[in-house]
Structures are given as structure tokens and as C-alpha cells.
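Okay, entry-v7.txt now, which holds compact mmCIF, C-alpha atoms:
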```txt
# COMPACT_ATOMS: atom_id res chain seq x y z
CA MET E 28 0.00 0.00 0.00
CA SER E 29 1.15 3.51 -0.74
CA THR E 30 2.44 5.58 2.14
CA THR E 31 -0.18 8.17 1.22
CA GLU E 32 -3.08 5.82 1.91
CA VAL E 33 -4.63 5.26 5.33
CA THR E 34 -6.80 2.28 6.05
CA THR E 35 -9.52 2.76 8.64
CA GLY E 36 -12.86 1.20 9.35
CA PRO E 37 -13.31 -2.58 9.85
CA ARG E 38 -9.74 -3.87 9.91
CA GLN E 39 -10.13 -7.20 8.18
CA GLY E 40 -12.88 -6.08 5.82
CA LEU E 41 -15.70 -8.16 4.39
CA ARG E 42 -14.92 -11.48 2.77
CA GLY E 43 -16.60 -14.14 0.69
CA GLY E 44 -20.26 -13.78 -0.18
CA LYS E 45 -20.81 -10.66 1.94
CA LEU E 46 -18.06 -8.78 0.11
CA ALA E 47 -19.23 -10.09 -3.27
CA GLY E 48 -22.81 -9.01 -2.54
CA LEU E 49 -21.84 -5.48 -1.52
CA VAL E 50 -19.53 -5.06 -4.52
CA ALA E 51 -22.17 -6.46 -6.89
CA ILE E 52 -24.89 -4.06 -5.69
CA CYS E 53 -22.59 -1.05 -5.90
CA ALA E 54 -21.28 -2.21 -9.29
CA LEU E 55 -24.83 -2.46 -10.65
CA ALA E 56 -25.53 1.10 -9.50
CA ILE E 57 -22.33 2.32 -11.15
CA THR E 58 -23.16 0.34 -14.30
CA PHE E 59 -26.09 2.64 -14.94
CA ASP E 60 -23.92 5.67 -14.27
CA GLY E 61 -21.80 4.46 -17.19
CA TYR E 62 -24.87 3.57 -19.22
CA ASP E 63 -26.27 7.05 -18.74
CA LEU E 64 -23.05 8.63 -19.96
CA VAL E 65 -22.67 6.55 -23.10
CA VAL E 66 -26.35 6.44 -24.01
CA PHE E 67 -26.25 10.12 -24.95
CA GLY E 68 -23.23 9.54 -27.18
CA THR E 69 -25.01 6.67 -28.95
CA THR E 70 -28.20 8.64 -29.51
CA VAL E 71 -26.84 12.14 -30.14
CA SER E 72 -27.09 11.83 -33.94
CA ARG E 73 -30.80 10.89 -33.70
CA ILE E 74 -31.43 13.69 -31.21
CA MET E 75 -29.74 16.27 -33.45
CA ALA E 76 -31.82 15.07 -36.40
CA GLU E 77 -35.14 15.07 -34.52
CA TRP E 78 -34.82 18.52 -32.99
CA GLY E 79 -32.65 20.16 -35.68
CA ILE E 80 -29.63 21.12 -33.59
CA ASN E 81 -25.93 21.19 -34.47
CA PRO E 82 -23.03 19.46 -32.62
CA ALA E 83 -22.20 22.54 -30.55
CA GLN E 84 -25.82 22.77 -29.32
CA ALA E 85 -25.89 19.03 -28.69
CA GLY E 86 -22.73 19.35 -26.63
CA LEU E 87 -24.46 21.89 -24.42
CA VAL E 88 -27.45 19.57 -23.97
CA GLY E 89 -25.08 16.75 -23.09
CA SER E 90 -23.47 18.93 -20.45
CA TYR E 91 -26.73 19.46 -18.55
CA ALA E 92 -26.61 15.99 -17.01
CA LEU E 93 -23.01 16.64 -16.03
CA ILE E 94 -23.91 19.93 -14.35
CA GLY E 95 -26.48 17.97 -12.36
CA MET E 96 -23.80 15.39 -11.51
CA MET E 97 -21.52 18.12 -10.22
CA ILE E 98 -24.20 19.55 -7.95
CA GLY E 99 -25.21 16.06 -6.85
CA ALA E 100 -21.65 15.04 -6.01
CA LEU E 101 -20.98 18.23 -4.05
CA THR E 102 -24.16 17.97 -1.98
CA VAL E 103 -25.05 14.29 -1.78
CA GLY E 104 -21.52 13.15 -0.94
CA THR E 105 -21.61 15.37 2.14
CA LEU E 106 -25.17 14.24 2.96
CA ALA E 107 -23.97 10.63 2.88
CA ASP E 108 -21.56 11.36 5.75
CA ARG E 109 -24.42 13.01 7.64
CA PHE E 110 -27.41 10.70 7.01
CA GLY E 111 -25.86 7.39 5.99
CA ARG E 112 -24.22 6.11 2.82
CA ARG E 113 -26.69 3.26 2.32
CA LYS E 114 -29.74 5.55 2.43
CA ILE E 115 -28.21 8.13 0.10
CA LEU E 116 -27.04 5.50 -2.40
CA ILE E 117 -30.49 3.95 -2.67
CA ALA E 118 -32.22 7.35 -2.88
CA SER E 119 -29.81 8.44 -5.63
CA VAL E 120 -30.56 5.35 -7.72
CA VAL E 121 -34.32 5.84 -7.38
CA TRP E 122 -34.02 9.50 -8.34
CA PHE E 123 -31.98 9.08 -11.53
CA SER E 124 -34.03 6.08 -12.68
CA LEU E 125 -37.29 8.02 -12.50
CA TRP E 126 -35.83 10.92 -14.45
CA MET E 127 -34.56 8.56 -17.15
CA ILE E 128 -38.22 7.72 -17.78
CA VAL E 129 -39.02 11.42 -18.11
CA ALA E 130 -36.14 11.84 -20.59
CA ALA E 131 -37.45 8.93 -22.67
CA LEU E 132 -40.93 10.45 -22.89
CA ALA E 133 -39.90 14.11 -23.29
CA PRO E 134 -41.88 15.77 -26.13
CA SER E 135 -39.45 18.69 -26.47
CA LEU E 136 -35.75 19.39 -26.32
CA GLY E 137 -36.25 21.67 -23.32
CA LEU E 138 -37.95 18.99 -21.22
CA PHE E 139 -35.37 16.43 -22.34
CA ALA E 140 -32.55 18.75 -21.20
CA LEU E 141 -34.30 19.34 -17.86
CA ALA E 142 -34.73 15.59 -17.34
CA ARG E 143 -31.04 15.05 -18.10
CA PHE E 144 -30.10 17.68 -15.53
CA MET E 145 -32.34 16.15 -12.86
CA CYS E 146 -31.05 12.70 -13.69
CA GLY E 147 -27.53 14.00 -13.17
CA LEU E 148 -28.33 15.04 -9.59
CA GLY E 149 -28.95 11.42 -8.66
CA LEU E 150 -26.02 10.08 -10.66
CA GLY E 151 -23.72 12.58 -8.96
CA GLY E 152 -24.70 11.28 -5.54
CA CYS E 153 -24.42 7.63 -6.52
CA MET E 154 -20.69 7.34 -7.12
CA PRO E 155 -19.37 9.01 -3.92
CA SER E 156 -21.63 6.82 -1.77
CA ALA E 157 -20.71 3.61 -3.58
CA THR E 158 -17.02 4.53 -3.53
CA ALA E 159 -16.97 5.21 0.21
CA MET E 160 -18.85 1.97 0.94
CA VAL E 161 -16.55 -0.26 -1.09
CA VAL E 162 -13.31 1.36 0.10
CA GLU E 163 -14.47 1.01 3.69
CA TYR E 164 -15.40 -2.67 3.52
CA ALA E 165 -12.61 -3.89 1.21
CA PRO E 166 -10.08 -6.26 2.84
CA LYS E 167 -6.89 -4.56 3.95
CA GLY E 168 -4.29 -4.45 1.19
CA ARG E 169 -6.86 -5.16 -1.53
CA GLY E 170 -8.76 -1.89 -1.56
CA ASN E 171 -7.71 -0.75 -5.03
CA LEU E 172 -8.40 -4.10 -6.68
CA VAL E 173 -11.80 -4.53 -5.03
CA TYR E 174 -12.70 -0.97 -5.91
CA VAL E 175 -11.80 -1.23 -9.59
CA ILE E 176 -13.78 -4.47 -9.81
CA MET E 177 -16.79 -2.52 -8.58
CA GLN E 178 -15.98 0.54 -10.67
CA SER E 179 -15.64 -1.62 -13.80
CA GLY E 180 -19.41 -1.52 -13.75
CA PHE E 181 -19.06 1.99 -15.21
CA ALA E 182 -17.39 0.63 -18.35
CA VAL E 183 -19.80 -2.33 -18.44
CA GLY E 184 -22.58 0.25 -18.61
CA GLY E 185 -20.82 1.92 -21.52
CA ILE E 186 -20.46 -1.40 -23.32
CA LEU E 187 -24.12 -2.17 -22.61
CA ALA E 188 -25.22 1.16 -24.06
CA ALA E 189 -23.08 0.79 -27.18
CA GLY E 190 -24.11 -2.83 -27.71
CA LEU E 191 -27.81 -2.11 -27.26
CA ALA E 192 -27.53 0.87 -29.59
CA LEU E 193 -26.15 -1.37 -32.33
CA ALA E 194 -29.17 -3.67 -31.90
CA ILE E 195 -31.95 -1.20 -31.11
CA LEU E 196 -31.33 2.00 -33.06
CA PRO E 197 -31.64 0.42 -36.54
CA VAL E 198 -35.14 -0.84 -35.68
CA ALA E 199 -36.56 1.38 -32.91
CA SER E 200 -36.65 4.91 -31.52
CA TRP E 201 -33.73 6.34 -29.58
CA ARG E 202 -36.20 6.80 -26.69
CA VAL E 203 -36.09 3.07 -25.95
CA MET E 204 -32.48 3.50 -24.91
CA TYR E 205 -33.52 5.89 -22.13
CA LEU E 206 -36.37 3.69 -20.93
CA ILE E 207 -33.82 0.93 -20.37
CA GLY E 208 -32.03 3.35 -18.07
CA ALA E 209 -34.89 3.00 -15.56
CA ALA E 210 -34.08 -0.68 -14.95
CA PRO E 211 -32.18 0.06 -11.67
CA LEU E 212 -35.55 0.57 -9.96
CA ILE E 213 -35.82 -3.22 -10.03
CA ILE E 214 -32.35 -4.69 -10.39
CA VAL E 215 -30.51 -2.34 -8.00
CA VAL E 216 -32.96 -0.89 -5.50
CA LEU E 217 -34.63 -4.15 -4.44
CA PRO E 218 -31.37 -6.05 -3.71
CA ALA E 219 -29.93 -2.97 -2.01
CA LEU E 220 -32.89 -2.64 0.36
CA LYS E 221 -32.44 -6.24 1.45
CA PHE E 222 -28.70 -6.88 1.39
CA LEU E 223 -26.71 -3.62 1.42
CA PRO E 224 -25.32 -2.82 4.90
CA GLU E 225 -24.92 0.65 6.33
CA SER E 226 -21.44 2.10 6.73
CA LEU E 227 -19.81 1.25 10.06
CA ASP E 228 -17.72 4.41 9.74
CA TYR E 229 -20.95 6.40 9.53
CA LEU E 230 -22.55 4.66 12.52
CA VAL E 231 -19.46 5.14 14.71
CA SER E 232 -19.00 8.77 13.70
CA ARG E 233 -22.65 9.45 14.62
CA GLY E 234 -22.28 7.80 18.04
CA LYS E 235 -24.54 4.83 17.19
CA SER E 236 -22.31 2.32 18.95
CA ALA E 237 -25.04 -0.28 19.61
CA ALA E 238 -26.10 -0.33 15.95
CA ALA E 239 -22.46 -0.47 14.86
CA SER E 240 -21.73 -3.41 17.18
CA ALA E 241 -24.79 -5.34 16.01
CA LEU E 242 -23.95 -4.77 12.34
CA ALA E 243 -20.28 -5.66 12.86
CA ALA E 244 -21.28 -8.92 14.55
CA LYS E 245 -23.62 -9.75 11.67
CA LEU E 246 -20.92 -9.00 9.10
CA ASP E 247 -18.17 -10.66 11.17
CA VAL E 248 -15.88 -7.63 11.12
CA ASP E 249 -14.35 -5.37 13.78
CA VAL E 250 -15.99 -2.15 14.88
CA PRO E 251 -13.75 0.85 14.07
CA GLN E 252 -12.79 2.65 17.26
CA PRO E 253 -12.87 6.46 17.04
CA ARG E 254 -10.71 8.87 18.99
CA THR E 255 -12.57 10.82 21.64
CA ALA E 256 -12.46 13.98 19.51
CA ALA E 257 -13.40 12.31 16.25
CA LYS E 258 -16.89 13.14 15.12
CA ARG E 259 -17.47 13.81 11.44
CA GLY E 260 -15.82 15.90 8.80
CA THR E 261 -17.18 18.94 6.99
CA PRO E 262 -16.16 20.49 3.64
CA VAL E 263 -14.03 23.02 5.57
CA ASP E 264 -11.92 20.13 6.91
CA LEU E 265 -10.76 19.39 3.35
CA PHE E 266 -8.53 22.48 3.64
CA ARG E 267 -7.32 22.10 7.23
CA HIS E 268 -4.53 20.21 8.99
CA GLY E 269 -2.29 20.04 5.94
CA LEU E 270 -4.92 18.70 3.51
CA LEU E 271 -5.16 21.85 1.35
CA PRO E 272 -2.47 20.94 -1.25
CA ALA E 273 -3.73 17.38 -1.69
CA THR E 274 -7.35 18.52 -1.94
CA LEU E 275 -6.59 21.02 -4.72
CA LEU E 276 -4.41 18.51 -6.59
CA PHE E 277 -7.09 15.82 -6.31
CA TRP E 278 -9.61 18.25 -7.75
CA ALA E 279 -7.28 19.03 -10.65
CA ALA E 280 -6.62 15.34 -11.36
CA ALA E 281 -10.32 14.47 -11.23
CA PHE E 282 -11.11 17.46 -13.48
CA CYS E 283 -8.67 16.21 -16.13
CA ALA E 284 -9.68 12.55 -15.92
CA LEU E 285 -13.41 13.28 -16.10
CA LEU E 286 -12.92 15.66 -19.02
CA LEU E 287 -11.26 12.79 -20.88
CA VAL E 288 -13.95 10.28 -19.86
CA TYR E 289 -16.96 12.38 -20.79
CA GLY E 290 -15.43 14.11 -23.77
CA LEU E 291 -14.40 10.87 -25.45
CA ASN E 292 -17.43 8.80 -24.46
CA THR E 293 -19.75 11.50 -25.77
CA TRP E 294 -18.02 12.30 -29.05
CA LEU E 295 -15.79 9.35 -29.98
CA PRO E 296 -18.39 7.89 -32.41
CA GLU E 297 -18.86 11.27 -34.10
CA ILE E 298 -15.10 11.93 -34.22
CA MET E 299 -14.54 8.59 -35.91
CA ARG E 300 -17.40 9.26 -38.32
CA LYS E 301 -15.75 12.56 -39.25
CA GLN E 302 -12.63 10.55 -40.03
CA GLY E 303 -14.58 8.43 -42.51
CA TYR E 304 -15.71 5.41 -40.52
CA PRO E 305 -19.37 4.22 -40.76
CA MET E 306 -21.62 4.47 -37.71
CA GLY E 307 -21.38 0.75 -36.95
CA SER E 308 -17.59 0.94 -36.80
CA ALA E 309 -17.75 4.16 -34.78
CA LEU E 310 -19.90 2.47 -32.12
CA THR E 311 -17.48 -0.47 -32.12
CA PHE E 312 -14.72 1.96 -31.15
CA LEU E 313 -16.88 2.98 -28.18
CA LEU E 314 -17.15 -0.68 -27.17
CA LEU E 315 -13.36 -1.10 -27.38
CA PHE E 316 -12.83 2.13 -25.42
CA ASN E 317 -14.88 0.84 -22.50
CA LEU E 318 -13.64 -2.75 -22.74
CA GLY E 319 -10.05 -1.54 -22.62
CA SER E 320 -10.80 0.31 -19.40
CA ILE E 321 -12.15 -2.84 -17.75
CA ILE E 322 -9.10 -4.97 -18.57
CA GLY E 323 -6.71 -2.14 -17.83
CA SER E 324 -8.40 -1.24 -14.55
CA LEU E 325 -8.16 -4.79 -13.19
CA ILE E 326 -4.43 -4.89 -13.95
CA ALA E 327 -3.89 -1.36 -12.64
CA GLY E 328 -5.92 -2.03 -9.48
CA TRP E 329 -3.72 -5.01 -8.64
CA ALA E 330 -0.62 -2.91 -9.36
CA ALA E 331 -1.87 -0.02 -7.18
CA ASP E 332 -2.32 -2.36 -4.20
CA ARG E 333 1.19 -3.71 -4.77
CA PHE E 334 3.13 -0.56 -5.68
CA GLY E 335 0.93 2.33 -4.50
CA SER E 336 -1.73 4.39 -6.20
CA LYS E 337 0.30 7.43 -7.23
CA PRO E 338 2.80 5.78 -9.62
CA VAL E 339 0.11 3.64 -11.26
CA ILE E 340 -2.20 6.64 -11.82
CA ALA E 341 0.74 8.55 -13.30
CA ILE E 342 1.40 5.72 -15.75
CA SER E 343 -2.30 5.59 -16.64
CA PHE E 344 -2.38 9.32 -17.43
CA THR E 345 0.74 8.78 -19.56
CA LEU E 346 -1.11 6.11 -21.54
CA ALA E 347 -3.86 8.65 -22.21
CA VAL E 348 -1.31 11.09 -23.63
CA ILE E 349 0.25 8.45 -25.89
CA SER E 350 -3.11 7.18 -27.10
CA ALA E 351 -4.52 10.63 -27.89
CA VAL E 352 -1.46 11.74 -29.84
CA ALA E 353 -1.28 8.47 -31.79
CA LEU E 354 -5.00 8.48 -32.63
CA SER E 355 -4.64 11.92 -34.22
CA LEU E 356 -2.25 10.34 -36.76
CA ARG E 357 -4.96 7.99 -38.13
CA PRO E 358 -3.00 4.73 -37.82
CA ASP E 359 -3.82 1.39 -39.47
CA MET E 360 -7.00 -0.32 -38.29
CA TRP E 361 -5.39 -2.96 -36.05
CA LEU E 362 -3.31 -0.32 -34.28
CA LEU E 363 -6.34 1.95 -34.08
CA TRP E 364 -8.25 -0.71 -32.13
CA VAL E 365 -5.36 -1.13 -29.70
CA LEU E 366 -4.99 2.62 -29.21
CA VAL E 367 -8.71 3.09 -28.56
CA ALA E 368 -8.57 0.35 -25.88
CA ILE E 369 -5.48 1.94 -24.32
CA GLY E 370 -7.29 5.27 -24.40
CA GLY E 371 -10.13 3.71 -22.41
CA GLN E 372 -7.69 2.81 -19.65
CA GLY E 373 -6.05 6.23 -19.87
CA ALA E 374 -9.42 7.94 -19.37
CA ILE E 375 -11.94 5.73 -17.53
CA GLY E 376 -9.28 3.55 -15.92
CA THR E 377 -7.43 6.59 -14.60
CA GLN E 378 -10.56 7.92 -12.91
CA ASN E 379 -11.21 4.44 -11.51
CA LEU E 380 -7.83 4.62 -9.77
CA ILE E 381 -8.19 8.23 -8.63
CA ASN E 382 -11.41 7.55 -6.70
CA PRO E 383 -10.02 5.03 -4.16
CA PHE E 384 -6.80 7.06 -3.89
CA VAL E 385 -8.79 10.13 -2.91
CA THR E 386 -11.19 8.24 -0.64
CA SER E 387 -8.50 6.40 1.32
CA TYR E 388 -6.39 9.56 1.67
CA TYR E 389 -8.97 11.28 3.88
CA PRO E 390 -9.93 10.27 7.45
CA ALA E 391 -12.91 7.90 7.63
CA PRO E 392 -15.47 10.42 8.99
CA MET E 393 -14.94 12.67 5.96
CA ARG E 394 -14.48 10.13 3.18
CA GLY E 395 -17.85 10.77 1.58
CA THR E 396 -17.20 14.51 1.76
CA GLY E 397 -13.70 14.15 0.32
CA ILE E 398 -14.58 12.01 -2.67
CA GLY E 399 -17.86 13.87 -3.19
CA TRP E 400 -16.11 17.22 -3.53
CA ALA E 401 -13.33 15.78 -5.70
CA LEU E 402 -15.92 14.31 -8.04
CA GLY E 403 -18.06 17.44 -7.82
CA ILE E 404 -15.25 19.79 -8.82
CA GLY E 405 -14.07 17.18 -11.30
CA ARG E 406 -17.47 17.33 -12.95
CA LEU E 407 -16.48 20.75 -14.27
CA GLY E 408 -14.15 18.80 -16.51
CA ALA E 409 -16.95 16.41 -17.35
CA ILE E 410 -19.13 19.38 -18.32
CA LEU E 411 -16.42 20.87 -20.52
CA GLY E 412 -15.61 17.58 -22.26
CA PRO E 413 -18.80 17.34 -24.36
CA ILE E 414 -18.82 21.12 -24.92
CA ILE E 415 -15.23 21.18 -26.20
CA GLY E 416 -15.77 18.12 -28.37
CA GLY E 417 -18.93 19.56 -29.90
CA ALA E 418 -17.34 22.96 -30.48
CA VAL E 419 -14.34 21.43 -32.27
CA LEU E 420 -16.56 19.24 -34.45
CA ALA E 421 -18.74 22.22 -35.34
CA SER E 422 -15.70 24.36 -36.24
CA SER E 423 -13.46 24.33 -39.29
CA LEU E 424 -10.70 22.62 -37.30
CA GLY E 425 -9.95 19.01 -38.15
CA SER E 426 -11.33 16.30 -35.86
CA GLY E 427 -7.74 15.51 -34.83
CA TRP E 428 -7.77 18.67 -32.72
CA ASN E 429 -10.00 16.88 -30.21
CA PHE E 430 -7.18 14.41 -29.63
CA TYR E 431 -4.58 17.18 -29.24
CA ILE E 432 -6.70 18.88 -26.59
CA PHE E 433 -7.28 15.60 -24.74
CA ALA E 434 -3.51 14.92 -24.75
CA ILE E 435 -2.80 18.30 -23.14
CA VAL E 436 -5.46 17.68 -20.49
CA ALA E 437 -3.89 14.30 -19.67
CA VAL E 438 -0.49 15.94 -19.18
CA VAL E 439 -1.99 18.39 -16.67
CA GLY E 440 -3.61 15.49 -14.79
CA LEU E 441 -0.31 13.62 -14.73
CA VAL E 442 1.47 16.59 -13.15
CA ALA E 443 -1.28 17.02 -10.52
CA VAL E 444 -1.06 13.40 -9.38
CA VAL E 445 2.73 13.43 -9.20
CA LEU E 446 2.60 16.50 -6.92
CA VAL E 447 0.19 14.97 -4.32
CA PRO E 448 2.08 15.10 -0.99
CA LYS E 449 2.59 12.30 1.50
CA ARG E 450 -0.37 11.86 3.85
CA LYS E 451 0.22 13.05 7.45
CA PRO E 452 -1.72 12.07 10.62
CA HIS E 453 -5.02 13.92 11.01
CA PRO E 454 -7.13 14.70 14.12
CA LEU E 455 -10.10 12.87 12.61
CA ASP E 456 -8.18 9.64 12.05
CA TYR E 457 -9.46 6.61 13.91
CA ALA E 458 -7.05 5.15 16.40
CA GLU E 459 -5.16 2.20 14.92
```

Let me see the file written as C-alpha cells.
Amino acid sequence: MSTTEVTTGPRQGLRGGKLAGLVAICALAITFDGYDLVVFGTTVSRIMAEWGINPAQAGLVGSYALIGMMIGALTVGTLADRFGRRKILIASVVWFSLWMIVAALAPSLGLFALARFMCGLGLGGCMPSATAMVVEYAPKGRGNLVYVIMQSGFAVGGILAAGLALAILPVASWRVMYLIGAAPLIIVVLPALKFLPESLDYLVSRGKSAAASALAAKLDVDVPQPRTAAKRGTPVDLFRHGLLPATLLFWAAAFCALLLVYGLNTWLPEIMRKQGYPMGSALTFLLLFNLGSIIGSLIAGWAADRFGSKPVIAISFTLAVISAVALSLRPDMWLLWVLVAIGGQGAIGTQNLINPFVTSYYPAPMRGTGIGWALGIGRLGAILGPIIGGAVLASSLGSGWNFYIFAIVAVVGLVAVVLVPKRKPHPLDYAE
């Protein structure tokens, strides 16, 4: 484990079926976060045609969900530390699923954009809660690997959206794709209500020692023991006791990674179409982009547990730079496939690694707040990604300029991660 990571919470973590169940529920929730992202990219051509808008306008519409995600991450992540991560995770899933139905039935572009924004509020609260839960309950020394297994659900959602688009869009309305996005009401919420445990860190920080002891006995884990002064963190604590530099650098890294994720997942099919590939091939690139992130994340998660998060994230950002520059050169098809897959790791896989790094860096009582604000500020990058991609495609610049911009962004993210300082003891740390 990296010297910058601090393990708190139940010392031995969940194991066996209990761990698998928690990871599976959180992964399913994250799957539809990924589905929601990619579904707009797969349907954007149909949406532009139906409502008569250009790529720049479509990029703005695509950003509305991301603005909602930013607000959701900033507010709901903090609420999870206050009211319970289990409750907030379930409520977030219900919220975004209902608004996916509204988006599917929207009779106008304005209502569709509003539904996407409202959907984003729930999606923004989903990831910080799921991240904090999985990092807390992962076995010691395996936090990164367990997390990226869960977070691979994001890329699975992207693959699901691209695969369904290939099957559905030739024969049915694009609206069907958004109706599918309401499936979590059944396949996530019901299992979560029955099997998902509350956070022990949350229970201890709120002084609910009896509930924490009962849950720990049921899960067969230790109860984390707080210091006398340890209560719960607030957003102000992200800047106190030496955390200011790391907090700002985490925000910068998340900004860059999410700009890459949302910019490429939204516009990669259109960029490849501009370069002369048919729509079917363009959607295949989207599949490879997300598949590459799954394979790469599993390898990188194992490496991060073995060698530390910081060097592995730095390598992942470097892969994004190499991939973006090489893709701008329009290589042969076989190399193009490989580069797109590497780009998936450099974008999605990098963010997958940043999340547990950020979460484990902060003291347990403020983990939800820490990752929530990192993702919230990072969503500014997510908002800009579709806007920049759409603006470049609508301009007289060549499509290769998207790749140049993404390469520069990856370099900035690389520098931010390298500069993250060593973690020092904090007053809100649990006693080891």
C-alpha cells in the first residue's frame, strides 16, 4: 500500500459472499452511471436530427446531465456522511431512474434537457456513496483491486449502451435506450434494500455504537474505534490540517480525468465518423474504449495495491497522452483498435484509480465529503468535455484537434497526481 493511503474502518474487511454481494450491488448502481453517460453519445445523432440542432448545441445539452452530476456530487456526498451512505445511495438510484423515464418520454428538447439535468443530480450522488462503501469494507491491502472491480461496472454500462444501440437504433426509436435506463428501480434498489449494509464508519461517527456493534457482529468484522475527539468531517476540513495541497491537486486530477472520460465517451463515435468510418464501426470503437478500461483497470488495481496508487495513476495518465497523440495520426485499423482500448484505460481507468486514492487519503469520517467534492469539482471537466468536443466538431478545425486537446489535459492530470504530498496524521483519524 502507498504511504499516502490510510486504512480505517473494519480492519479485516468483508470477505466471501458478503463482500461479493456489496460489490455487486454497488457495481450495478455504477453500471447505470456508465450507461447514462454513453447512451447520450449513442443517440446524439438521432437527437440532433429530430430537434434540428448542431453538434455545438448538442454538446451543451449533453453537459446538462453533467452539471447535475456536479451539484449532486458536491451535496449528496456530504449528505452521505451526515445521514448514511446506504440511504443516500439507494435514494440516488431511485431519483436518476425516474428521471430517465421522463427523458425517454420528453416531447421537447427543453424537457429532455431538464430531465437530463435532474437525472444527473442522482447520478452525482451515486458514485461518492458507492465509492466510500466499497473502500471502507474492502479487505486490507486489496482496496484498489476490489474498488476497480466494482468501478468496472461503469465501463460495463458503456459497453451495454453501445451494444444495445447497435441492436436497437436500426429498428426502434432512440427513446427506448432511455427507458432501459430505468431498470435500476428493479435490479438495483430491491437487492440494495435487502442486502446492502450501512457504513460502520458512519454509525461510529454518529455515536450509534449499539447499531455499529450489532452490524459488525452480523458481518463478522471489527468495529472501528474512534478517537474521543473524532466526530465527522465537513467540507471546511478538506482544507485544514495540511490537507489543502492534496485537496486542490485531487480536484485538478479528477477534473482532467473526467474531461477525458466524458469528452471521449460522448463524441468518440462522431469523431470517428468525421474521419470516414461508418456508424457501426464508430460504435465499435466505443465498445473497445470501454472494454479496454475494464481490462486495464483490473491490472492497474492489482498494481496499485502492490506498488501504490500514485505511480500507477501517473502511468495511466501517460497512456492517455500516448493514445490521444497516436490516434490523431490515423494509424492502421489494427493499431487503431489497440490505441482506442489503451485510451479507455487512460481515461476511464485513470478515474477508476483516482477515486479510491482520494477516498483512502482522507480520514474515515470525511471520506464521503472528500470524494464527493473531488468528483463534484471534477465534474467541471466532465461538463467541458462534451462542450469542447462539440465545439471542435462544429468548427473548421480538423477532428484531430479533439485528440490534441485531450492529450494536453492528460499531461496536466499527470502533473497534478505526481505532486500529491505524503499523507500526514489527522485529528479525525481513527485510532489504529

* **Closest of E:Asp60, E:Glu225, E:Glu77, E:Asp359 to Leu246 of chain E - atom-to-atom distances counting all atoms listed in the file** =>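 Checking each candidate against Leu246 of chain E, we get E:Glu225 as the closest.
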
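Between atom CA of Phe59 of chain E and atom CA of Tyr164 of chain E there is a distance of 22.0 Å.
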
Quick one: residues within 9 Å of segment 392-404 of chain E, only C-alpha atoms counted, chain neighbours fewer than 5 positions away excluded, as a PDB file with C-alpha atoms, in the frame of the given file?
```pdb
ATOM      1  CA  MET E  96     -23.800  15.390 -11.510  1.00  0.00           C
ATOM      2  CA  MET E  97     -21.520  18.120 -10.220  1.00  0.00           C
ATOM      3  CA  ILE E  98     -24.200  19.550  -7.950  1.00  0.00           C
ATOM      4  CA  GLY E  99     -25.210  16.060  -6.850  1.00  0.00           C
ATOM      5  CA  ALA E 100     -21.650  15.040  -6.010  1.00  0.00           C
ATOM      6  CA  LEU E 101     -20.980  18.230  -4.050  1.00  0.00           C
ATOM      7  CA  THR E 102     -24.160  17.970  -1.980  1.00  0.00           C
ATOM      8  CA  VAL E 103     -25.050  14.290  -1.780  1.00  0.00           C
ATOM      9  CA  GLY E 104     -21.520  13.150  -0.940  1.00  0.00           C
ATOM     10  CA  THR E 105     -21.610  15.370   2.140  1.00  0.00           C
ATOM     11  CA  LEU E 106     -25.170  14.240   2.960  1.00  0.00           C
ATOM     12  CA  ALA E 107     -23.970  10.630   2.880  1.00  0.00           C
ATOM     13  CA  ASP E 108     -21.560  11.360   5.750  1.00  0.00           C
ATOM     14  CA  ARG E 112     -24.220   6.110   2.820  1.00  0.00           C
ATOM     15  CA  GLY E 151     -23.720  12.580  -8.960  1.00  0.00           C
ATOM     16  CA  GLY E 152     -24.700  11.280  -5.540  1.00  0.00           C
ATOM     17  CA  MET E 154     -20.690   7.340  -7.120  1.00  0.00           C
ATOM     18  CA  PRO E 155     -19.370   9.010  -3.920  1.00  0.00           C
ATOM     19  CA  SER E 156     -21.630   6.820  -1.770  1.00  0.00           C
ATOM     20  CA  THR E 158     -17.020   4.530  -3.530  1.00  0.00           C
ATOM     21  CA  ALA E 159     -16.970   5.210   0.210  1.00  0.00           C
ATOM     22  CA  MET E 160     -18.850   1.970   0.940  1.00  0.00           C
ATOM     23  CA  ASP E 228     -17.720   4.410   9.740  1.00  0.00           C
ATOM     24  CA  TYR E 229     -20.950   6.400   9.530  1.00  0.00           C
ATOM     25  CA  VAL E 231     -19.460   5.140  14.710  1.00  0.00           C
ATOM     26  CA  SER E 232     -19.000   8.770  13.700  1.00  0.00           C
ATOM     27  CA  ALA E 257     -13.400  12.310  16.250  1.00  0.00           C
ATOM     28  CA  LYS E 258     -16.890  13.140  15.120  1.00  0.00           C
ATOM     29  CA  ARG E 259     -17.470  13.810  11.440  1.00  0.00           C
ATOM     30  CA  GLY E 260     -15.820  15.900   8.800  1.00  0.00           C
ATOM     31  CA  THR E 261     -17.180  18.940   6.990  1.00  0.00           C
ATOM     32  CA  PRO E 262     -16.160  20.490   3.640  1.00  0.00           C
ATOM     33  CA  ASP E 264     -11.920  20.130   6.910  1.00  0.00           C
ATOM     34  CA  LEU E 265     -10.760  19.390   3.350  1.00  0.00           C
ATOM     35  CA  THR E 274      -7.350  18.520  -1.940  1.00  0.00           C
ATOM     36  CA  LEU E 275      -6.590  21.020  -4.720  1.00  0.00           C
ATOM     37  CA  PHE E 277      -7.090  15.820  -6.310  1.00  0.00           C
ATOM     38  CA  TRP E 278      -9.610  18.250  -7.750  1.00  0.00           C
ATOM     39  CA  ALA E 279      -7.280  19.030 -10.650  1.00  0.00           C
ATOM     40  CA  ALA E 280      -6.620  15.340 -11.360  1.00  0.00           C
ATOM     41  CA  ALA E 281     -10.320  14.470 -11.230  1.00  0.00           C
ATOM     42  CA  PHE E 282     -11.110  17.460 -13.480  1.00  0.00           C
ATOM     43  CA  LEU E 285     -13.410  13.280 -16.100  1.00  0.00           C
ATOM     44  CA  ASN E 382     -11.410   7.550  -6.700  1.00  0.00           C
ATOM     45  CA  PRO E 383     -10.020   5.030  -4.160  1.00  0.00           C
ATOM     46  CA  VAL E 385      -8.790  10.130  -2.910  1.00  0.00           C
ATOM     47  CA  THR E 386     -11.190   8.240  -0.640  1.00  0.00           C
ATOM     48  CA  SER E 387      -8.500   6.400   1.320  1.00  0.00           C
ATOM     49  CA  LEU E 455     -10.100  12.870  12.610  1.00  0.00           C
ATOM     50  CA  ASP E 456      -8.180   9.640  12.050  1.00  0.00           C
ATOM     51  CA  TYR E 457      -9.460   6.610  13.910  1.00  0.00           C
TER      52      TYR E 457
END
```

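One finds atom CA of Asn292 of chain E at 17.7 Å from atom CA of Gly95 of chain E.
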
- Item | Ile410 of chain E surroundings by all atoms listed in the file, 7 Å radius, close-in-sequence under 4 positions cut, as a ChimeraX atom specification | /E:90,93-94,406,414

request  = Excluding segment 177-193 of chain E and any residue of its chain fewer than 4 positions from it, enumerate the residues within 7 Å of it, using only C-alpha atoms, and give them as a list of chain:residue names.
outcome  =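 My reading of the contact set: E:Val50, E:Ala51, E:Cys53, E:Ala54, E:Leu55, E:Ile57, E:Thr58, E:Phe59, E:Asp60, E:Gly61, E:Tyr62, E:Val65, E:Val66, E:Thr69, E:Val173, E:Gly307, E:Leu310, E:Leu313, E:Leu314, E:Asn317, E:Leu318, E:Ser320, E:Ile321, E:Asn379.
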
Taken to one decimal, the atom CA of Ala83 of chain E-atom CA of Cys153 of chain E distance is 28.4 Å
